[in-house]
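Asks: Got structure.tsv for you, TSV, C-alpha atoms:
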```tsv
chain	number	residue	atom	x	y	z
A	1	VAL	CA	-19.74	3.07	-14.54
A	2	SER	CA	-19.87	-0.41	-13.12
A	3	VAL	CA	-18.61	-1.76	-9.81
A	4	THR	CA	-18.18	-5.52	-9.83
A	5	SER	CA	-17.40	-7.61	-6.79
A	6	ARG	CA	-14.41	-9.92	-6.93
A	7	THR	CA	-16.13	-12.77	-5.17
A	8	ALA	CA	-17.09	-16.36	-6.00
A	9	ASN	CA	-20.56	-15.11	-7.05
A	10	PRO	CA	-19.90	-11.65	-8.53
A	11	VAL	CA	-22.40	-8.86	-7.93
A	12	GLN	CA	-22.49	-5.84	-10.24
A	13	LEU	CA	-23.66	-2.33	-9.39
A	14	THR	CA	-24.06	-0.01	-12.37
A	15	ALA	CA	-24.79	3.70	-12.46
A	16	SER	CA	-25.26	6.53	-14.90
A	17	PHE	CA	-24.17	9.74	-13.28
A	18	GLY	CA	-26.24	12.56	-14.74
A	19	TYR	CA	-25.23	15.28	-12.29
A	20	GLY	CA	-21.95	16.75	-11.17
A	21	ALA	CA	-18.98	18.91	-11.97
A	22	TYR	CA	-15.23	19.04	-11.74
A	23	THR	CA	-12.65	21.41	-10.34
A	24	VAL	CA	-8.94	21.92	-10.93
A	25	ASP	CA	-6.24	22.89	-8.48
A	26	PRO	CA	-2.45	22.70	-8.82
A	27	ALA	CA	-2.21	19.21	-7.30
A	28	LYS	CA	-5.22	17.40	-8.77
A	29	VAL	CA	-8.43	17.37	-10.77
A	30	SER	CA	-11.55	16.39	-8.78
A	31	ILE	CA	-14.70	15.06	-10.43
A	32	VAL	CA	-17.81	14.68	-8.25
A	33	LEU	CA	-20.83	12.94	-9.79
A	34	SER	CA	-24.23	11.83	-8.53
A	35	THR	CA	-27.15	9.79	-9.81
A	36	ILE	CA	-29.55	12.43	-8.44
A	37	PRO	CA	-29.54	16.24	-8.59
A	38	LEU	CA	-27.65	18.25	-5.96
A	39	GLU	CA	-30.91	19.84	-4.78
A	40	MET	CA	-32.35	16.40	-3.95
A	41	LEU	CA	-29.15	15.39	-2.14
A	42	ALA	CA	-29.18	18.62	-0.12
A	43	SER	CA	-32.87	18.28	0.80
A	44	GLY	CA	-32.54	14.61	1.77
A	45	ASP	CA	-35.64	13.85	-0.28
A	46	PHE	CA	-34.50	10.60	-1.92
A	47	GLU	CA	-34.62	6.84	-1.34
A	48	GLU	CA	-31.32	5.94	-2.93
A	49	ALA	CA	-28.35	7.55	-4.62
A	50	GLN	CA	-24.82	6.80	-5.71
A	51	ILE	CA	-22.04	9.37	-5.66
A	52	VAL	CA	-18.51	9.04	-6.95
A	53	HIS	CA	-15.62	11.38	-6.19
A	54	VAL	CA	-12.57	10.75	-8.37
A	55	GLN	CA	-9.33	12.67	-8.03
A	56	MET	CA	-6.79	12.47	-10.85
A	57	LEU	CA	-3.53	12.85	-8.96
A	58	TRP	CA	-1.28	12.97	-12.03
A	59	LYS	CA	-1.74	12.86	-15.79
A	60	PRO	CA	-0.34	9.79	-17.54
A	61	ARG	CA	2.16	10.40	-20.35
A	62	ALA	CA	2.39	8.20	-23.40
A	63	GLY	CA	5.65	6.26	-23.40
A	64	ARG	CA	6.54	7.37	-19.88
A	65	THR	CA	3.72	5.95	-17.77
A	66	PRO	CA	3.74	2.24	-17.00
A	67	VAL	CA	0.26	0.81	-17.40
A	68	SER	CA	-0.43	-2.35	-15.48
A	69	THR	CA	-2.93	-3.68	-12.98
A	70	GLU	CA	-0.83	-2.07	-10.24
A	71	SER	CA	-0.75	1.40	-11.85
A	72	THR	CA	-2.52	4.17	-9.97
A	73	ASN	CA	-3.20	7.79	-10.79
A	74	LEU	CA	-6.70	8.04	-9.31
A	75	SER	CA	-8.07	8.23	-5.79
A	76	ILE	CA	-11.71	7.13	-5.64
A	77	ARG	CA	-14.51	7.42	-3.10
A	78	TYR	CA	-17.81	5.74	-3.96
A	79	VAL	CA	-20.86	6.34	-1.77
A	80	VAL	CA	-24.00	4.21	-1.82
A	81	LEU	CA	-27.02	5.71	-0.05
A	82	VAL	CA	-30.06	3.46	0.26
A	83	ASP	CA	-33.02	3.38	2.67
A	84	GLY	CA	-31.29	5.61	5.22
A	85	GLU	CA	-28.11	3.49	5.21
A	86	VAL	CA	-24.69	4.46	3.82
A	87	GLY	CA	-21.74	2.53	2.48
A	88	LEU	CA	-18.50	4.41	1.82
A	89	TYR	CA	-16.08	2.64	-0.51
A	90	GLY	CA	-12.58	3.78	-1.33
A	91	GLY	CA	-9.65	2.79	-3.43
A	92	GLY	CA	-7.36	3.69	-6.27
A	93	GLY	CA	-7.05	2.97	-9.92
A	94	PHE	CA	-5.92	4.11	-13.30
A	95	GLY	CA	-7.66	6.46	-15.71
A	96	TRP	CA	-6.89	8.06	-19.05
A	97	PRO	CA	-8.04	11.70	-19.32
A	98	ARG	CA	-10.42	12.91	-22.03
A	99	GLY	CA	-10.02	16.60	-22.63
A	100	THR	CA	-7.81	19.15	-20.95
A	101	PRO	CA	-8.35	20.07	-17.29
A	102	GLY	CA	-9.55	23.65	-17.00
A	103	LYS	CA	-11.44	23.58	-20.28
A	104	THR	CA	-15.22	23.31	-20.63
A	105	GLY	CA	-15.57	19.56	-20.07
A	106	PHE	CA	-13.26	16.87	-18.77
A	107	GLY	CA	-13.53	13.14	-18.36
A	108	LEU	CA	-11.72	9.93	-17.55
A	109	ASN	CA	-11.78	6.45	-18.98
A	110	ILE	CA	-11.20	4.27	-15.94
A	111	SER	CA	-9.66	1.01	-17.02
A	112	GLY	CA	-10.03	-0.58	-13.64
A	113	SER	CA	-9.65	0.23	-10.01
A	114	ASN	CA	-9.88	-1.52	-6.71
A	115	LEU	CA	-12.52	-0.60	-4.16
A	116	ALA	CA	-13.31	-1.84	-0.66
A	117	LEU	CA	-15.77	-0.80	2.01
A	118	LEU	CA	-14.17	1.82	4.26
A	119	ASP	CA	-17.10	2.58	6.54
A	120	SER	CA	-20.84	2.01	6.77
A	121	THR	CA	-23.88	2.27	8.98
A	122	ASP	CA	-24.80	-0.86	10.91
A	123	GLY	CA	-27.68	-1.73	8.58
A	124	PHE	CA	-25.70	-1.42	5.34
A	125	ARG	CA	-25.18	-4.74	3.58
A	126	ASP	CA	-21.88	-4.85	1.67
A	127	LEU	CA	-22.21	-7.06	-1.39
A	128	LEU	CA	-19.21	-5.66	-3.26
A	129	THR	CA	-15.97	-5.84	-1.25
A	130	PRO	CA	-13.52	-6.42	-2.77
A	131	ALA	CA	-14.61	-4.79	-6.03
A	132	ARG	CA	-13.39	-3.32	-9.28
A	133	LEU	CA	-14.71	-0.07	-10.79
A	134	SER	CA	-14.50	0.63	-14.51
A	135	GLY	CA	-16.18	2.88	-17.04
A	136	SER	CA	-16.18	6.43	-18.31
A	137	ILE	CA	-17.01	9.58	-16.38
A	138	GLY	CA	-17.11	13.23	-17.34
A	139	ALA	CA	-18.41	16.56	-16.13
A	140	PRO	CA	-18.47	20.28	-16.87
A	141	LEU	CA	-16.02	22.64	-15.17
A	142	ASP	CA	-17.80	24.26	-12.22
A	143	GLU	CA	-15.80	24.65	-9.02
A	144	ALA	CA	-18.75	25.91	-6.96
A	145	VAL	CA	-20.99	22.94	-7.85
A	146	ALA	CA	-18.19	20.39	-7.36
A	147	ILE	CA	-17.33	21.74	-3.90
A	148	ARG	CA	-20.96	22.04	-2.87
A	149	MET	CA	-21.69	18.48	-4.00
A	150	ARG	CA	-18.63	17.11	-2.19
A	151	ASP	CA	-19.52	19.00	1.00
A	152	THR	CA	-23.18	17.93	0.83
A	153	VAL	CA	-22.24	14.26	0.45
A	154	SER	CA	-19.70	14.54	3.27
A	155	GLN	CA	-22.41	15.98	5.52
A	156	ILE	CA	-24.89	13.22	4.61
A	157	VAL	CA	-22.29	10.54	5.35
A	158	THR	CA	-21.30	12.28	8.61
A	159	ASN	CA	-24.94	12.52	9.71
A	160	ARG	CA	-25.70	8.88	8.93
A	161	LEU	CA	-22.51	7.52	10.54
A	162	GLY	CA	-22.88	9.78	13.58
A	163	ARG	CA	-19.26	10.98	13.34
A	164	PRO	CA	-17.29	13.28	11.02
A	165	GLN	CA	-16.34	11.68	7.71
A	166	TRP	CA	-15.05	13.59	4.68
A	167	VAL	CA	-15.74	12.12	1.26
A	168	ASN	CA	-12.46	13.37	-0.09
```
So, in terms of structure tokens, how does the structure I just supplied come out?

Replies:
Amino acid sequence: VSVTSRTANPVQLTASFGYGAYTVDPAKVSIVLSTIPLEMLASGDFEEAQIVHVQMLWKPRAGRTPVSTESTNLSIRYVVLVDGEVGLYGGGGFGWPRGTPGKTGFGLNISGSNLALLDSTDGFRDLLTPARLSGSIGAPLDEAVAIRMRDTVSQIVTNRLGRPQWVN
């Protein structure tokens, strides 16, 4: 996955998400991924991490779904944790599913999305807004892990901001 700023001097943030899971409910598919294991996130024993929470709100259909730069079927939250600071980015975009939700594995090819900083700690330096996220993500089906990861990240962000903030 890469997040590239849309500025005069573009900055690019790339990540390989090796940890995470997805869950399915009647209204959406949620994929939660992290660059570090859930146990490290929960313990707080890390210097930096990136977490992405992508919700596929509806499945595109060939011949029926308009695909353009304005198309949206994804809701995205992207969290950057570094040196005790947090930056929470959010936006929407378009993604093509790989696999069938509810089966063993599921993924998305994200052709592009828009992100902007939604909230941050005072010491966080935003180098990305406005930005575009693209790449491929995927995860195994595991509702318990996906919910635990989402709740853990929400608690970390809440603690660092000093006020409740859901990463959802």

Asks: Measuring atom to atom with only C-alpha atoms, identify which of A:Leu33, A:Leu128, A:Val1, A:Ala144 is nearest to Gln55 of chain A.

Replies: A:Leu33

Asks: Using only C-alpha atoms, which residues sit within 10 Å of Val54 of chain A once same-chain residues fewer than 3 positions away are excluded, as a list in words?

Replies: Tyr22, Lys28, Val29, Ser30, Ile31, Val32, Leu33, Ile51, Leu57, Leu74, Ser75, Ile76, Arg77, Tyr78, Gly90, Gly91, Gly92, Gly93, Gly95, Leu108, Ile137 and Asn168 of chain A

Asks: Please measure the separation of atom CA of Asn159 of chain A and atom CA of Thr4 of chain A, giving the value in Å to one decimal.

Replies: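 Taking atom CA of Asn159 of chain A as the start and atom CA of Thr4 of chain A as the end point, the length is 27.4 Å.
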
Asks: Interatomic distance between atom CA of Thr100 of chain A and atom CA of Arg148 of chain A?

Replies: 22.5 Å

Asks: Could the residues of segment 70-161 of chain A that have an atom at most 7 Å from segment 10-21 of chain A be listed as a tab-separated table, each with its closest atom pair and the distance in Å to one decimal, counting all atoms listed in the file and ordered by chain and ascending residue number?

Replies:
```
residue	atom	partner	partner_atom	distance
A:Leu127	CA	A:Val11	CA	6.8
A:Leu128	CA	A:Val11	CA	6.5
A:Ala139	CA	A:Ala21	CA	4.8
A:Pro140	CA	A:Ala21	CA	5.1
A:Leu141	CA	A:Ala21	CA	5.7
A:Asp142	CA	A:Ala21	CA	5.5
A:Val145	CA	A:Ala21	CA	6.1
A:Ala146	CA	A:Ala21	CA	4.9
```

Asks: Please, what distance in Å, to one decimal, runs between atom CA of Phe94 of chain A and atom CA of His53 of chain A?

Replies: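 Here the two named atoms are 14.1 Å from each other.
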
Asks: For Asp45 of chain A, list every protein, DNA or RNA residue within 12 Å, evaluated using all atoms listed in the file, and leave out those in the same chain fewer than 6 positions away; present the list as a list of chain:residue names.

Replies: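 Here the answer would be A:Ile36, A:Pro37, A:Leu38, A:Glu39, A:Leu81, A:Val82, A:Asp83, A:Gly84, A:Ile156.
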
Asks: Nearest residue to Ser34 of chain A out of A:Ser134, A:Asn73, A:Asn114, A:Thr152, using only C-alpha atoms?

Replies: A:Thr152

Asks: Taking only C-alpha atoms into account, which of A:Leu117, A:Gly102, A:Thr72, A:Gln50 comes nearest Pro26 of chain A?

Replies: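 For Pro26 of chain A, the nearest of the candidates is A:Gly102.
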
Asks: Using all atoms listed in the file, find the one residue out of A:Ser136, A:Ser2, A:Thr158, A:Thr7 that sits nearest to Asn109 of chain A.

Replies: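 Between A:Ser136, A:Ser2, A:Thr158, A:Thr7, the residue approaching Asn109 of chain A most closely is A:Ser136.
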
Asks: If we count all atoms listed in the file and set the cut-off at 12 Å, which residues sit around Gln165 of chain A, ignoring sequence neighbours fewer than 3 positions away in its own chain? Please answer as a short mmCIF file (atom, residue, chain, number, x, y, z; two decimals) with C-alpha atoms, in the coordinates of the input.

Replies:
```
data_model
loop_
_atom_site.label_atom_id
_atom_site.label_comp_id
_atom_site.auth_asym_id
_atom_site.auth_seq_id
_atom_site.Cartn_x
_atom_site.Cartn_y
_atom_site.Cartn_z
CA ARG A 77 -14.51 7.42 -3.10
CA VAL A 79 -20.86 6.34 -1.77
CA VAL A 86 -24.69 4.46 3.82
CA GLY A 87 -21.74 2.53 2.48
CA LEU A 88 -18.50 4.41 1.82
CA LEU A 118 -14.17 1.82 4.26
CA ASP A 119 -17.10 2.58 6.54
CA SER A 120 -20.84 2.01 6.77
CA ARG A 150 -18.63 17.11 -2.19
CA ASP A 151 -19.52 19.00 1.00
CA THR A 152 -23.18 17.93 0.83
CA VAL A 153 -22.24 14.26 0.45
CA SER A 154 -19.70 14.54 3.27
CA GLN A 155 -22.41 15.98 5.52
CA ILE A 156 -24.89 13.22 4.61
CA VAL A 157 -22.29 10.54 5.35
CA THR A 158 -21.30 12.28 8.61
CA ASN A 159 -24.94 12.52 9.71
CA ARG A 160 -25.70 8.88 8.93
CA LEU A 161 -22.51 7.52 10.54
CA GLY A 162 -22.88 9.78 13.58
CA ASN A 168 -12.46 13.37 -0.09
#
```

Asks: Smallest atom-to-atom distance to Glu47 of chain A: which of A:Val80, A:Ala116, A:Ala8, A:Val3, using only C-alpha atoms?

Replies: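 Closest to Glu47 of chain A of all the choices is A:Val80.
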
Asks: Produce the centre coordinates and the three edge lengths, each in Å to one decimal, of the box along x, y and z that contains all listed atoms of segment 97-115 of chain A with 6 Å added on each side, as lines of an AutoDock Vina configuration file.

Replies:
```
center_x = -11.7
center_y = 11.1
center_z = -13.4
size_x = 19.8
size_y = 37.2
size_z = 30.5
```

Asks: As a PyMOL selection string, please: the residues near Phe106 of chain A (cut-off 6 Å, all atoms listed in the file, same-chain neighbours under 6 positions excluded).

Replies: chain A and resi 98-99+138-139

Asks: Of the candidates A:Trp166, A:Phe46, A:Trp58, A:Tyr89, which shows the shortest atom-to-atom distance to Ser113 of chain A, using all atoms listed in the file?

Replies: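 Nearest to Ser113 of chain A: A:Tyr89.
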